[in-house]
file my_file-v8.cif (mmCIF, C-alpha atoms)
data_protein
loop_
_atom_site.label_atom_id
_atom_site.label_comp_id
_atom_site.auth_asym_id
_atom_site.auth_seq_id
_atom_site.Cartn_x
_atom_site.Cartn_y
_atom_site.Cartn_z
CA MET A 213 -62.03 -4.78 149.13
CA THR A 214 -63.66 -7.43 146.94
CA VAL A 215 -67.28 -6.64 146.12
CA ARG A 216 -69.44 -9.70 146.59
CA PRO A 217 -72.19 -10.27 144.02
CA ARG A 218 -75.76 -9.68 145.08
CA ALA A 219 -77.63 -13.01 145.32
CA ALA A 220 -81.09 -14.26 146.18
CA LEU A 221 -82.83 -17.60 146.65
CA ALA A 222 -85.64 -18.36 144.19
CA MET A 223 -87.59 -21.50 145.09
CA SER A 224 -90.57 -22.62 147.13
CA PRO A 225 -90.43 -22.15 150.91
CA ARG A 226 -90.43 -25.94 151.39
CA ALA A 227 -87.50 -26.39 149.02
CA ALA A 228 -85.60 -23.59 150.72
CA GLU A 229 -86.17 -25.13 154.15
CA ALA A 230 -85.08 -28.59 152.99
CA VAL A 231 -82.11 -27.70 150.78
CA MET A 232 -80.86 -24.28 151.80
CA THR A 233 -80.52 -24.87 155.52
CA PRO A 234 -79.17 -22.15 157.84
CA ASP A 235 -75.68 -23.61 157.44
CA ALA A 236 -76.01 -23.58 153.65
CA ARG A 237 -77.26 -20.00 153.67
CA GLY A 238 -74.38 -19.06 155.91
CA ALA A 239 -71.90 -20.59 153.48
CA LEU A 240 -73.59 -18.82 150.56
CA GLY A 241 -73.47 -15.56 152.51
CA GLU A 242 -69.70 -15.87 152.80
CA VAL A 243 -69.27 -15.45 149.04
CA THR A 244 -72.29 -13.31 148.14
CA ASP A 245 -74.35 -10.47 149.49
CA LEU A 246 -77.38 -12.72 150.05
CA SER A 247 -80.79 -11.12 150.16
CA PRO A 248 -82.96 -12.20 153.11
CA THR A 249 -85.96 -12.27 150.77
CA LEU A 250 -87.00 -15.68 149.45
CA LEU A 251 -88.39 -15.33 145.94
CA ASP A 252 -91.24 -17.71 145.19
CA ASP A 253 -93.24 -15.15 143.21
CA PHE A 254 -91.47 -12.62 141.00
CA ARG A 255 -94.53 -10.34 140.80
CA THR A 256 -94.68 -9.02 144.37
CA ASP A 257 -93.40 -5.57 145.37
CA GLU A 258 -90.77 -7.17 147.61
CA ALA A 259 -89.62 -9.37 144.75
CA ARG A 260 -89.36 -6.36 142.47
CA ARG A 261 -87.13 -4.58 144.95
CA THR A 262 -84.92 -7.67 145.37
CA LEU A 263 -84.66 -8.39 141.65
CA ALA A 264 -83.66 -4.82 140.88
CA ASP A 265 -80.04 -5.40 141.90
CA VAL A 266 -79.65 -9.20 142.04
CA GLU A 267 -76.76 -10.60 139.95
CA ILE A 268 -77.11 -14.32 140.58
CA LEU A 269 -80.11 -16.42 141.57
CA VAL A 270 -79.78 -19.66 143.47
CA THR A 271 -82.84 -21.54 142.31
CA GLY A 272 -84.59 -24.73 143.36
CA TRP A 273 -87.83 -26.66 143.15
CA GLY A 274 -90.74 -24.25 142.85
CA CYS A 275 -88.79 -21.42 141.24
CA PRO A 276 -91.11 -19.22 139.14
CA PRO A 277 -90.33 -18.96 135.41
CA LEU A 278 -87.64 -16.48 134.48
CA ASP A 279 -89.78 -15.07 131.71
CA GLU A 280 -89.48 -11.73 129.95
CA ALA A 281 -91.41 -9.89 132.65
CA ALA A 282 -89.23 -11.29 135.44
CA LEU A 283 -86.05 -10.50 133.50
CA GLN A 284 -87.13 -6.91 132.97
CA ARG A 285 -87.31 -6.58 136.75
CA ALA A 286 -83.77 -8.02 137.05
CA PRO A 287 -81.58 -5.87 134.76
CA ARG A 288 -78.34 -6.95 136.49
CA LEU A 289 -79.04 -10.69 136.57
CA ARG A 290 -76.22 -12.63 134.91
CA ALA A 291 -76.32 -16.17 136.30
CA VAL A 292 -78.47 -18.94 137.74
CA ALA A 293 -77.18 -21.75 139.99
CA HIS A 294 -79.84 -24.44 140.31
CA THR A 295 -79.92 -26.69 143.38
CA ALA A 296 -81.78 -29.49 141.57
CA GLY A 297 -81.61 -31.26 138.21
CA THR A 298 -83.49 -29.98 135.19
CA VAL A 299 -83.73 -26.24 134.56
CA ARG A 300 -86.49 -26.60 131.96
CA GLY A 301 -89.21 -25.39 134.29
CA HIS A 302 -87.78 -21.95 135.03
CA VAL A 303 -84.96 -21.08 132.61
CA THR A 304 -87.01 -19.86 129.66
CA GLU A 305 -86.04 -18.98 126.12
CA ALA A 306 -86.01 -15.34 127.21
CA ALA A 307 -83.39 -16.22 129.84
CA TRP A 308 -81.23 -17.96 127.26
CA ARG A 309 -81.54 -14.94 124.96
CA ARG A 310 -80.34 -12.77 127.83
CA GLY A 311 -77.18 -14.91 127.83
CA LEU A 312 -77.44 -16.00 131.44
CA ALA A 313 -74.82 -18.43 132.68
CA VAL A 314 -76.68 -21.46 134.04
CA SER A 315 -75.51 -24.24 136.33
CA SER A 316 -77.33 -27.33 137.58
CA ALA A 317 -76.84 -29.80 140.42
CA ALA A 318 -77.94 -32.66 138.15
CA SER A 319 -74.60 -34.43 138.63
CA ALA A 320 -75.06 -34.38 142.41
CA ASN A 321 -78.63 -35.64 142.15
CA ALA A 322 -77.46 -38.45 139.85
CA LEU A 323 -75.44 -40.08 142.62
CA PRO A 324 -78.27 -41.35 144.87
CA VAL A 325 -80.30 -42.43 141.83
CA ALA A 326 -77.37 -44.51 140.62
CA GLU A 327 -76.85 -45.97 144.09
CA TYR A 328 -80.53 -46.93 144.30
CA THR A 329 -80.33 -48.50 140.85
CA VAL A 330 -77.26 -50.59 141.64
CA ALA A 331 -78.84 -51.76 144.89
CA MET A 332 -81.96 -52.84 143.02
CA ILE A 333 -79.93 -54.61 140.31
CA LEU A 334 -78.15 -56.69 142.95
CA LEU A 335 -81.31 -57.36 144.97
CA ALA A 336 -83.13 -58.42 141.80
CA GLY A 337 -80.40 -60.92 141.00
CA LYS A 338 -80.64 -62.43 144.48
CA ARG A 339 -84.46 -62.45 144.22
CA VAL A 340 -84.59 -60.83 147.64
CA LEU A 341 -88.23 -59.72 147.57
CA GLU A 342 -89.50 -63.13 146.48
CA SER A 343 -87.31 -64.90 149.03
CA ALA A 344 -88.46 -62.64 151.85
CA ASP A 345 -92.10 -63.14 150.87
CA ALA A 346 -91.72 -66.92 150.70
CA TYR A 347 -89.84 -66.99 154.03
CA ARG A 348 -92.54 -64.92 155.70
CA THR A 349 -95.23 -67.26 154.37
CA ALA A 350 -93.51 -70.58 155.16
CA ARG A 351 -91.68 -69.45 158.33
CA ALA A 352 -88.99 -71.89 157.29
CA ARG A 353 -85.97 -71.84 154.99
CA SER A 354 -86.14 -73.43 151.59
CA ASP A 355 -83.42 -75.73 150.33
CA TRP A 356 -80.71 -73.16 149.66
CA LEU A 357 -78.59 -75.70 147.78
CA HIS A 358 -81.37 -76.45 145.32
CA PRO A 359 -80.09 -75.54 141.83
CA ASP A 360 -81.80 -72.39 140.61
CA PRO A 361 -80.27 -70.80 137.51
CA ARG A 362 -82.54 -67.78 137.93
CA ARG A 363 -80.97 -66.74 141.23
CA GLY A 364 -77.65 -64.96 141.75
CA ASN A 365 -75.53 -62.18 140.26
CA TYR A 366 -72.58 -64.16 138.90
CA ARG A 367 -72.14 -63.40 135.19
CA ARG A 368 -75.59 -61.87 134.87
CA THR A 369 -76.16 -59.44 132.00
CA VAL A 370 -77.26 -55.91 132.87
CA GLY A 371 -78.56 -53.64 130.13
CA ILE A 372 -78.26 -49.87 130.48
CA LEU A 373 -80.60 -47.81 128.33
CA SER A 374 -78.87 -44.44 127.78
CA ALA A 375 -75.51 -43.21 128.97
CA SER A 376 -76.99 -40.26 130.82
CA LEU A 377 -75.32 -38.81 133.92
CA ILE A 378 -77.08 -41.48 135.96
CA GLY A 379 -76.50 -44.25 133.43
CA ARG A 380 -72.76 -43.52 133.40
CA ARG A 381 -72.61 -43.51 137.19
CA VAL A 382 -74.43 -46.86 137.29
CA ILE A 383 -71.89 -48.29 134.84
CA GLU A 384 -69.06 -47.02 137.02
CA LEU A 385 -70.55 -48.49 140.20
CA LEU A 386 -71.10 -51.88 138.56
CA ARG A 387 -67.43 -52.34 137.60
CA PRO A 388 -66.39 -54.34 140.70
CA TYR A 389 -69.06 -56.98 140.11
CA ASP A 390 -68.92 -60.13 137.97
CA LEU A 391 -71.52 -58.80 135.54
CA THR A 392 -71.67 -58.25 131.82
CA VAL A 393 -72.84 -54.68 131.17
CA LEU A 394 -74.39 -53.73 127.83
CA LEU A 395 -75.36 -50.26 126.67
CA HIS A 396 -77.62 -48.79 124.05
CA ASP A 397 -77.19 -45.10 123.34
CA PRO A 398 -77.22 -43.72 119.79
CA TYR A 399 -74.93 -40.87 120.82
CA VAL A 400 -72.14 -43.10 122.19
CA SER A 401 -69.40 -44.30 119.85
CA GLU A 402 -67.66 -47.68 119.96
CA ASP A 403 -64.51 -46.01 121.27
CA GLU A 404 -66.39 -44.30 124.09
CA ALA A 405 -68.21 -47.52 124.98
CA GLU A 406 -64.84 -49.26 125.20
CA ARG A 407 -63.61 -46.54 127.58
CA LEU A 408 -66.76 -47.03 129.67
CA GLY A 409 -66.11 -50.77 129.75
CA VAL A 410 -69.45 -51.78 128.23
CA GLY A 411 -70.65 -53.55 125.13
CA LEU A 412 -72.49 -51.21 122.75
CA VAL A 413 -75.47 -53.00 121.19
CA PRO A 414 -78.61 -52.16 119.18
CA LEU A 415 -81.80 -51.48 121.10
CA THR A 416 -83.55 -54.78 120.42
CA GLU A 417 -80.41 -56.75 121.28
CA LEU A 418 -80.11 -54.87 124.56
CA PHE A 419 -83.56 -56.08 125.59
CA GLY A 420 -83.07 -59.57 124.23
CA ARG A 421 -79.83 -60.23 126.13
CA SER A 422 -80.47 -58.52 129.47
CA ASP A 423 -81.35 -60.26 132.71
CA VAL A 424 -81.88 -56.81 134.21
CA LEU A 425 -82.72 -53.80 132.05
CA SER A 426 -82.27 -50.39 133.66
CA VAL A 427 -83.87 -47.32 132.05
CA HIS A 428 -81.96 -44.02 132.21
CA THR A 429 -83.40 -42.23 129.19
CA PRO A 430 -84.57 -38.63 129.65
CA LEU A 431 -88.19 -37.96 128.76
CA LEU A 432 -88.18 -36.14 125.43
CA PRO A 433 -90.74 -36.16 122.61
CA ALA A 434 -88.67 -38.81 120.85
CA THR A 435 -88.39 -41.06 123.92
CA ARG A 436 -92.00 -41.06 125.12
CA GLY A 437 -93.08 -44.70 125.04
CA LEU A 438 -89.63 -45.76 123.84
CA VAL A 439 -89.77 -48.93 125.95
CA SER A 440 -92.56 -50.32 123.83
CA ARG A 441 -94.62 -53.49 123.89
CA PRO A 442 -92.35 -55.23 121.33
CA LEU A 443 -89.23 -54.35 123.33
CA LEU A 444 -90.80 -55.61 126.56
CA ALA A 445 -91.76 -58.80 124.73
CA ALA A 446 -88.11 -59.17 123.71
CA LEU A 447 -86.99 -59.39 127.35
CA ARG A 448 -86.15 -62.84 128.61
CA ASP A 449 -88.70 -64.64 130.78
CA ASP A 450 -88.16 -63.62 134.42
CA ALA A 451 -86.10 -60.56 133.47
CA THR A 452 -86.36 -57.44 135.62
CA LEU A 453 -87.07 -53.95 134.30
CA ILE A 454 -85.85 -51.08 136.50
CA ASN A 455 -87.07 -47.56 135.80
CA THR A 456 -85.66 -44.58 137.69
CA ALA A 457 -85.96 -42.19 134.73
CA ARG A 458 -89.51 -41.08 133.87
CA GLY A 459 -92.64 -43.20 133.84
CA ALA A 460 -93.71 -42.09 130.38
CA VAL A 461 -90.56 -43.53 128.78
CA VAL A 462 -92.16 -46.96 129.29
CA ASP A 463 -95.40 -48.21 127.73
CA GLN A 464 -96.99 -48.74 131.12
CA ASP A 465 -100.02 -50.63 129.82
CA ALA A 466 -97.75 -53.11 128.05
CA LEU A 467 -95.57 -53.50 131.15
CA THR A 468 -98.66 -54.05 133.31
CA ASP A 469 -99.79 -56.81 130.96
CA GLU A 470 -96.40 -58.52 131.17
CA LEU A 471 -96.37 -58.28 134.95
CA ARG A 472 -99.92 -59.58 135.34
CA ALA A 473 -98.97 -62.52 133.14
CA GLY A 474 -96.10 -63.22 135.53
CA ARG A 475 -93.47 -63.17 132.81
CA LEU A 476 -91.41 -60.21 133.98
CA ARG A 477 -90.50 -58.45 137.20
CA ALA A 478 -90.14 -54.70 137.69
CA VAL A 479 -88.71 -52.09 140.03
CA LEU A 480 -90.48 -48.80 139.40
CA ASP A 481 -89.45 -45.65 141.19
CA VAL A 482 -91.38 -43.65 138.58
CA THR A 483 -94.73 -44.27 136.93
CA GLU A 484 -97.18 -42.42 134.70
CA PRO A 485 -98.66 -40.49 136.41
CA ASP A 486 -95.95 -40.19 139.04
CA GLU A 487 -98.51 -40.97 141.75
CA LEU A 488 -100.50 -43.95 140.55
CA PRO A 489 -104.28 -43.91 141.11
CA PRO A 490 -105.30 -46.17 144.02
CA ASP A 491 -107.12 -48.56 141.68
CA HIS A 492 -104.32 -48.97 139.14
CA PRO A 493 -103.65 -52.65 138.37
CA LEU A 494 -99.92 -52.22 138.97
CA TRP A 495 -100.62 -52.12 142.70
CA GLU A 496 -101.85 -55.72 142.50
CA CYS A 497 -98.68 -57.01 140.79
CA ARG A 498 -96.63 -58.69 143.49
CA ASN A 499 -93.76 -59.05 141.04
CA ALA A 500 -93.45 -55.25 140.90
CA LEU A 501 -91.71 -53.16 143.55
CA ILE A 502 -93.12 -49.63 143.35
CA THR A 503 -91.39 -46.90 145.34
CA PRO A 504 -92.60 -43.28 145.60
CA HIS A 505 -89.89 -41.51 143.56
CA ILE A 506 -87.32 -41.90 146.33
CA ALA A 507 -84.23 -42.66 144.23
CA GLY A 508 -83.29 -38.99 143.90
CA SER A 509 -81.85 -36.85 146.68
CA GLN A 510 -83.71 -37.13 149.96
CA GLY A 511 -82.94 -36.45 153.61
CA ASN A 512 -79.28 -35.69 154.19
CA GLU A 513 -78.56 -36.18 150.47
CA LEU A 514 -80.15 -32.77 149.87
CA ALA A 515 -77.06 -31.21 151.46
CA ARG A 516 -75.04 -32.46 148.47
CA LEU A 517 -77.21 -30.36 146.16
CA ALA A 518 -76.66 -27.24 148.24
CA ASP A 519 -72.93 -27.89 148.50
CA LEU A 520 -72.58 -28.19 144.73
CA ALA A 521 -74.61 -25.02 144.08
CA ILE A 522 -72.61 -23.05 146.64
CA ALA A 523 -69.34 -24.27 145.11
CA GLU A 524 -70.64 -23.14 141.71
CA VAL A 525 -71.51 -19.68 143.07
CA ARG A 526 -68.06 -19.45 144.63
CA ARG A 527 -66.42 -20.23 141.28
CA TRP A 528 -68.67 -17.78 139.43
CA ALA A 529 -68.02 -15.00 141.95
CA ALA A 530 -64.28 -15.55 141.50
CA GLY A 531 -64.63 -15.20 137.74
CA GLU A 532 -63.83 -18.87 137.06
CA GLY A 533 -67.13 -19.87 135.46
CA PHE A 534 -69.32 -22.82 136.35
CA ALA A 535 -67.90 -26.34 136.61
CA HIS A 536 -71.34 -27.81 135.84
CA PRO A 537 -72.78 -25.52 133.18
CA VAL A 538 -76.01 -26.15 131.31
CA HIS A 539 -75.74 -25.29 127.63
CA HIS A 540 -78.79 -24.22 125.67
CA ASP A 541 -77.84 -26.27 122.64
CA ARG A 542 -77.74 -29.45 124.77
CA LEU A 543 -81.17 -29.03 126.37
CA GLU A 544 -82.91 -31.36 123.93
CA PHE A 545 -80.68 -34.22 125.12
CA LEU A 546 -81.13 -33.57 128.84
CA ALA A 547 -83.79 -34.74 131.27
#
call {"tool": "encode", "arguments": {"input": "my_file-v8.cif", "output": "structure tokens"}}
result
Amino acid sequence: MTVRPRAALAMSPRAAEAVMTPDARGALGEVTDLSPTLLDDFRTDEARRTLADVEILVTGWGCPPLDEAALQRAPRLRAVAHTAGTVRGHVTEAAWRRGLAVSSAASANALPVAEYTVAMILLAGKRVLESADAYRTARARSDWLHPDPRRGNYRRTVGILSASLIGRRVIELLRPYDLTVLLHDPYVSEDEAERLGVGLVPLTELFGRSDVLSVHTPLLPATRGLVSRPLLAALRDDATLINTARGAVVDQDALTDELRAGRLRAVLDVTEPDELPPDHPLWECRNALITPHIAGSQGNELARLADLAIAEVRRWAAGEGFAHPVHHDRLEFLA
């Protein structure tokens, strides 16, 4: 008889309720000996008893750090399958030294972010928000045949900042449209850009040529404030900046100035801080659409995260290794 590995969930109760539904736990229980104990604090007596024989942790939002103390309580732990994106918050240097195999559902979470981004690119080109606002105010249609070179998606130029998981998915989803797609990413070669079907350009040129500029850069020490005041100034008048990455990648004060001047438009699913203060001037910018970090997995999309993690556990339990591994030496390039 095949011995199933001992597993446990390590995440906040809210994350477990949202992501690891009864059906998901049932599926996980088919391939593991799943502990009934939910680990949201590795220091309790119950956690100590659970960790003593656990071999794989299925982690999620709110997982405590797998520090040296936690690892000492888990002598048999060999793997972590994360049901969200970044593992930076809980997979510590001590865990990497242990040699744990680590998987992430970042690729699954990238899909709804890319879908949101593409939707916003197309809506920005059609000037949907402005049209809806004007229609609501006038209660009558404008002259739809009036020439307006600013409106429409035919042969528009879309700039993608970083060929991350999400950036690459956005590029893929944009292929059916009559758009010119440009990319800046210092780690992408000309040959790879050709395979992606994009034009590889320097950073300043990306901003200077784009009608819509979409930010997909992970927040790292080197990328904080990367979208600077000079780069924002390089954008064409009436261009749209879309940010679904991290708020701190953009110089938010500079962007606010551009928006208040009416020169640019923006779609911001992330800001700095993530929840803007009620009196922040961005709220008063009618040329900015601000959404509350909804681009990532929400609602029924959370099931995709669980499905990927369970598939990863199934592979690991069968001795096949993870299909979506996280490598320690690549962490500095990941969100």
call {"tool": "closest_residue", "arguments": {"input": "my_file-v8.cif", "among": "A:Leu543, A:Ile378, A:Leu395, A:Ala518", "to": "Val303 (chain A)", "atoms": "all atoms listed in the file"}}
result
A:Leu543
call {"tool": "closest_residue", "arguments": {"input": "my_file-v8.cif", "among": "A:Ala457, A:Ala446, A:Leu335, A:Ala306", "to": "Ser426 (chain A)", "atoms": "all atoms listed in the file"}}
result
A:Ala457
call {"tool": "resolve_selection", "arguments": {"input": "my_file-v8.cif", "expression": "the PyMOL selection byres ((chain A and resi 291) around 6)", "output": "mmCIF file with C-alpha atoms, in the frame of the given file"}}
result
data_model
loop_
_atom_site.group_PDB
_atom_site.id
_atom_site.type_symbol
_atom_site.label_atom_id
_atom_site.label_comp_id
_atom_site.auth_asym_id
_atom_site.auth_seq_id
_atom_site.Cartn_x
_atom_site.Cartn_y
_atom_site.Cartn_z
ATOM 1 C CA ILE A 268 -77.110 -14.320 140.580
ATOM 2 C CA ARG A 290 -76.220 -12.630 134.910
ATOM 3 C CA VAL A 292 -78.470 -18.940 137.740
ATOM 4 C CA LEU A 312 -77.440 -16.000 131.440
ATOM 5 C CA ALA A 313 -74.820 -18.430 132.680
ATOM 6 C CA VAL A 314 -76.680 -21.460 134.040
#
call {"tool": "resolve_selection", "arguments": {"input": "my_file-v8.cif", "expression": "the PyMOL selection byres ((chain A and resi 226) around 12)", "output": "list in words"}}
result
Ala222, Met223, Ser224, Pro225, Ala227, Ala228, Glu229, Ala230, Val231, Met232, Thr233, Leu250, Asp252, Gly272, Trp273, Gly274 and Cys275 of chain A
call {"tool": "resolve_selection", "arguments": {"input": "my_file-v8.cif", "expression": "the PyMOL selection byres ((chain A and resi 364) around 9)", "output": "PyMOL selection string"}}
result
chain A and resi 334+336-339+360-363+365-368
call {"tool": "atom_distance", "arguments": {"input": "my_file-v8.cif", "atom1": "CA of Leu471 (chain A)", "atom2": "CA of Arg353 (chain A)"}}
result
26.3 Å
call {"tool": "closest_residue", "arguments": {"input": "my_file-v8.cif", "among": "A:Ile333, A:Leu246, A:Ala293, A:Leu412", "to": "Tyr399 (chain A)", "atoms": "all atoms listed in the file"}}
result
A:Leu412
call {"tool": "closest_residue", "arguments": {"input": "my_file-v8.cif", "among": "A:Thr329, A:Ser422, A:Ser343, A:Thr452", "to": "Ile383 (chain A)", "atoms": "all atoms listed in the file"}}
result
A:Thr329
call {"tool": "atom_distance", "arguments": {"input": "my_file-v8.cif", "atom1": "CA of Pro217 (chain A)", "atom2": "CA of Pro248 (chain A)"}}
result
14.2 Å
call {"tool": "closest_residue", "arguments": {"input": "my_file-v8.cif", "among": "A:Pro398, A:Pro324, A:Gly241, A:Pro504", "to": "Arg516 (chain A)", "atoms": "all atoms listed in the file"}}
result
A:Pro324
call {"tool": "residues_around", "arguments": {"input": "my_file-v8.cif", "residues": "Arg498 (chain A)", "least_positions_apart": "6", "cutoff": "10 Å", "atoms": "only C-alpha atoms", "output": "ChimeraX atom specification"}}
result
/A:341-342,345,471-472,474,477-478
call {"tool": "atom_distance", "arguments": {"input": "my_file-v8.cif", "atom1": "CA of Pro277 (chain A)", "atom2": "CA of Val325 (chain A)"}}
result
26.3 Å
call {"tool": "residues_around", "arguments": {"input": "my_file-v8.cif", "residues": "His536 (chain A)", "least_positions_apart": "5", "cutoff": "8 Å", "atoms": "only C-alpha atoms", "output": "list in words"}}
result
Ser315, Ser316, Ala317, Ser319 and Glu524 of chain A
call {"tool": "closest_residue", "arguments": {"input": "my_file-v8.cif", "among": "A:Ala460, A:His539, A:Arg348, A:Gly508", "to": "Gly297 (chain A)", "atoms": "only C-alpha atoms"}}
result
A:Gly508
call {"tool": "residues_around", "arguments": {"input": "my_file-v8.cif", "residues": "Asp486 (chain A)", "least_positions_apart": "3", "cutoff": "10 Å", "atoms": "only C-alpha atoms", "output": "list in words"}}
result
Arg458, Gly459, Ala460, Asp481, Val482, Thr483, Pro489, Pro504 and His505 of chain A
call {"tool": "residues_near_point", "arguments": {"input": "my_file-v8.cif", "point": "(-73.5, -32.0, 144.4)", "cutoff": "10 Å", "atoms": "only C-alpha atoms", "output": "list of chain:residue names"}}
result
A:Thr295, A:Ala296, A:Ser316, A:Ala317, A:Ala318, A:Ser319, A:Ala320, A:Asn321, A:Ala322, A:Leu323, A:Ser509, A:Glu513, A:Leu514, A:Ala515, A:Arg516, A:Leu517, A:Ala518, A:Asp519, A:Leu520, A:Ala521, A:Ile522, A:Ala523, A:Glu524, A:His536
call {"tool": "write_last_selection", "arguments": {"input": "my_file-v8.cif", "atoms": "C-alpha atoms", "output": "JSON list (two decimals), in the frame of the given file"}}
result
[["chain", "number", "residue", "atom", "x", "y", "z"],
["A", 295, "THR", "CA", -79.92, -26.69, 143.38],
["A", 296, "ALA", "CA", -81.78, -29.49, 141.57],
["A", 316, "SER", "CA", -77.33, -27.33, 137.58],
["A", 317, "ALA", "CA", -76.84, -29.80, 140.42],
["A", 318, "ALA", "CA", -77.94, -32.66, 138.15],
["A", 319, "SER", "CA", -74.60, -34.43, 138.63],
["A", 320, "ALA", "CA", -75.06, -34.38, 142.41],
["A", 321, "ASN", "CA", -78.63, -35.64, 142.15],
["A", 322, "ALA", "CA", -77.46, -38.45, 139.85],
["A", 323, "LEU", "CA", -75.44, -40.08, 142.62],
["A", 509, "SER", "CA", -81.85, -36.85, 146.68],
["A", 513, "GLU", "CA", -78.56, -36.18, 150.47],
["A", 514, "LEU", "CA", -80.15, -32.77, 149.87],
["A", 515, "ALA", "CA", -77.06, -31.21, 151.46],
["A", 516, "ARG", "CA", -75.04, -32.46, 148.47],
["A", 517, "LEU", "CA", -77.21, -30.36, 146.16],
["A", 518, "ALA", "CA", -76.66, -27.24, 148.24],
["A", 519, "ASP", "CA", -72.93, -27.89, 148.50],
["A", 520, "LEU", "CA", -72.58, -28.19, 144.73],
["A", 521, "ALA", "CA", -74.61, -25.02, 144.08],
["A", 522, "ILE", "CA", -72.61, -23.05, 146.64],
["A", 523, "ALA", "CA", -69.34, -24.27, 145.11],
["A", 524, "GLU", "CA", -70.64, -23.14, 141.71],
["A", 536, "HIS", "CA", -71.34, -27.81, 135.84]]
call {"tool": "axis_aligned_box", "arguments": {"input": "my_file-v8.cif", "around": "region 499-507 of chain A", "padding_each_side": "4 Å", "output": "lines of an AutoDock Vina configuration file"}}
result
center_x = -89.0
center_y = -50.3
center_z = 143.6
size_x = 17.5
size_y = 25.5
size_z = 13.4
call {"tool": "residues_near_point", "arguments": {"input": "my_file-v8.cif", "point": "(-84.4, -11.6, 131.4)", "cutoff": "9 Å", "atoms": "all atoms listed in the file", "output": "PDB file with C-alpha atoms, in the frame of the given file"}}
result
ATOM      1  CA  LEU A 278     -87.640 -16.480 134.480  1.00  0.00           C
ATOM      2  CA  ASP A 279     -89.780 -15.070 131.710  1.00  0.00           C
ATOM      3  CA  GLU A 280     -89.480 -11.730 129.950  1.00  0.00           C
ATOM      4  CA  ALA A 281     -91.410  -9.890 132.650  1.00  0.00           C
ATOM      5  CA  ALA A 282     -89.230 -11.290 135.440  1.00  0.00           C
ATOM      6  CA  LEU A 283     -86.050 -10.500 133.500  1.00  0.00           C
ATOM      7  CA  GLN A 284     -87.130  -6.910 132.970  1.00  0.00           C
ATOM      8  CA  ARG A 285     -87.310  -6.580 136.750  1.00  0.00           C
ATOM      9  CA  ALA A 286     -83.770  -8.020 137.050  1.00  0.00           C
ATOM     10  CA  PRO A 287     -81.580  -5.870 134.760  1.00  0.00           C
ATOM     11  CA  LEU A 289     -79.040 -10.690 136.570  1.00  0.00           C
ATOM     12  CA  ARG A 290     -76.220 -12.630 134.910  1.00  0.00           C
ATOM     13  CA  THR A 304     -87.010 -19.860 129.660  1.00  0.00           C
ATOM     14  CA  ALA A 306     -86.010 -15.340 127.210  1.00  0.00           C
ATOM     15  CA  ALA A 307     -83.390 -16.220 129.840  1.00  0.00           C
ATOM     16  CA  TRP A 308     -81.230 -17.960 127.260  1.00  0.00           C
ATOM     17  CA  ARG A 309     -81.540 -14.940 124.960  1.00  0.00           C
ATOM     18  CA  ARG A 310     -80.340 -12.770 127.830  1.00  0.00           C
ATOM     19  CA  GLY A 311     -77.180 -14.910 127.830  1.00  0.00           C
ATOM     20  CA  LEU A 312     -77.440 -16.000 131.440  1.00  0.00           C
TER      21      LEU A 312
END
call {"tool": "residues_around", "arguments": {"input": "my_file-v8.cif", "residues": "Thr249 (chain A)", "least_positions_apart": "3", "cutoff": "9 Å", "atoms": "all atoms listed in the file", "output": "list in words"}}
result
Ala220, Leu221, Ala222, Leu246, Glu258, Ala259 and Thr262 of chain A
call {"tool": "residues_around", "arguments": {"input": "my_file-v8.cif", "residues": "region 401-408 of chain A", "least_positions_apart": "3", "cutoff": "12 Å", "atoms": "all atoms listed in the file", "output": "PyMOL selection string"}}
result
chain A and resi 372+374-375+379-387+393-398+411-414
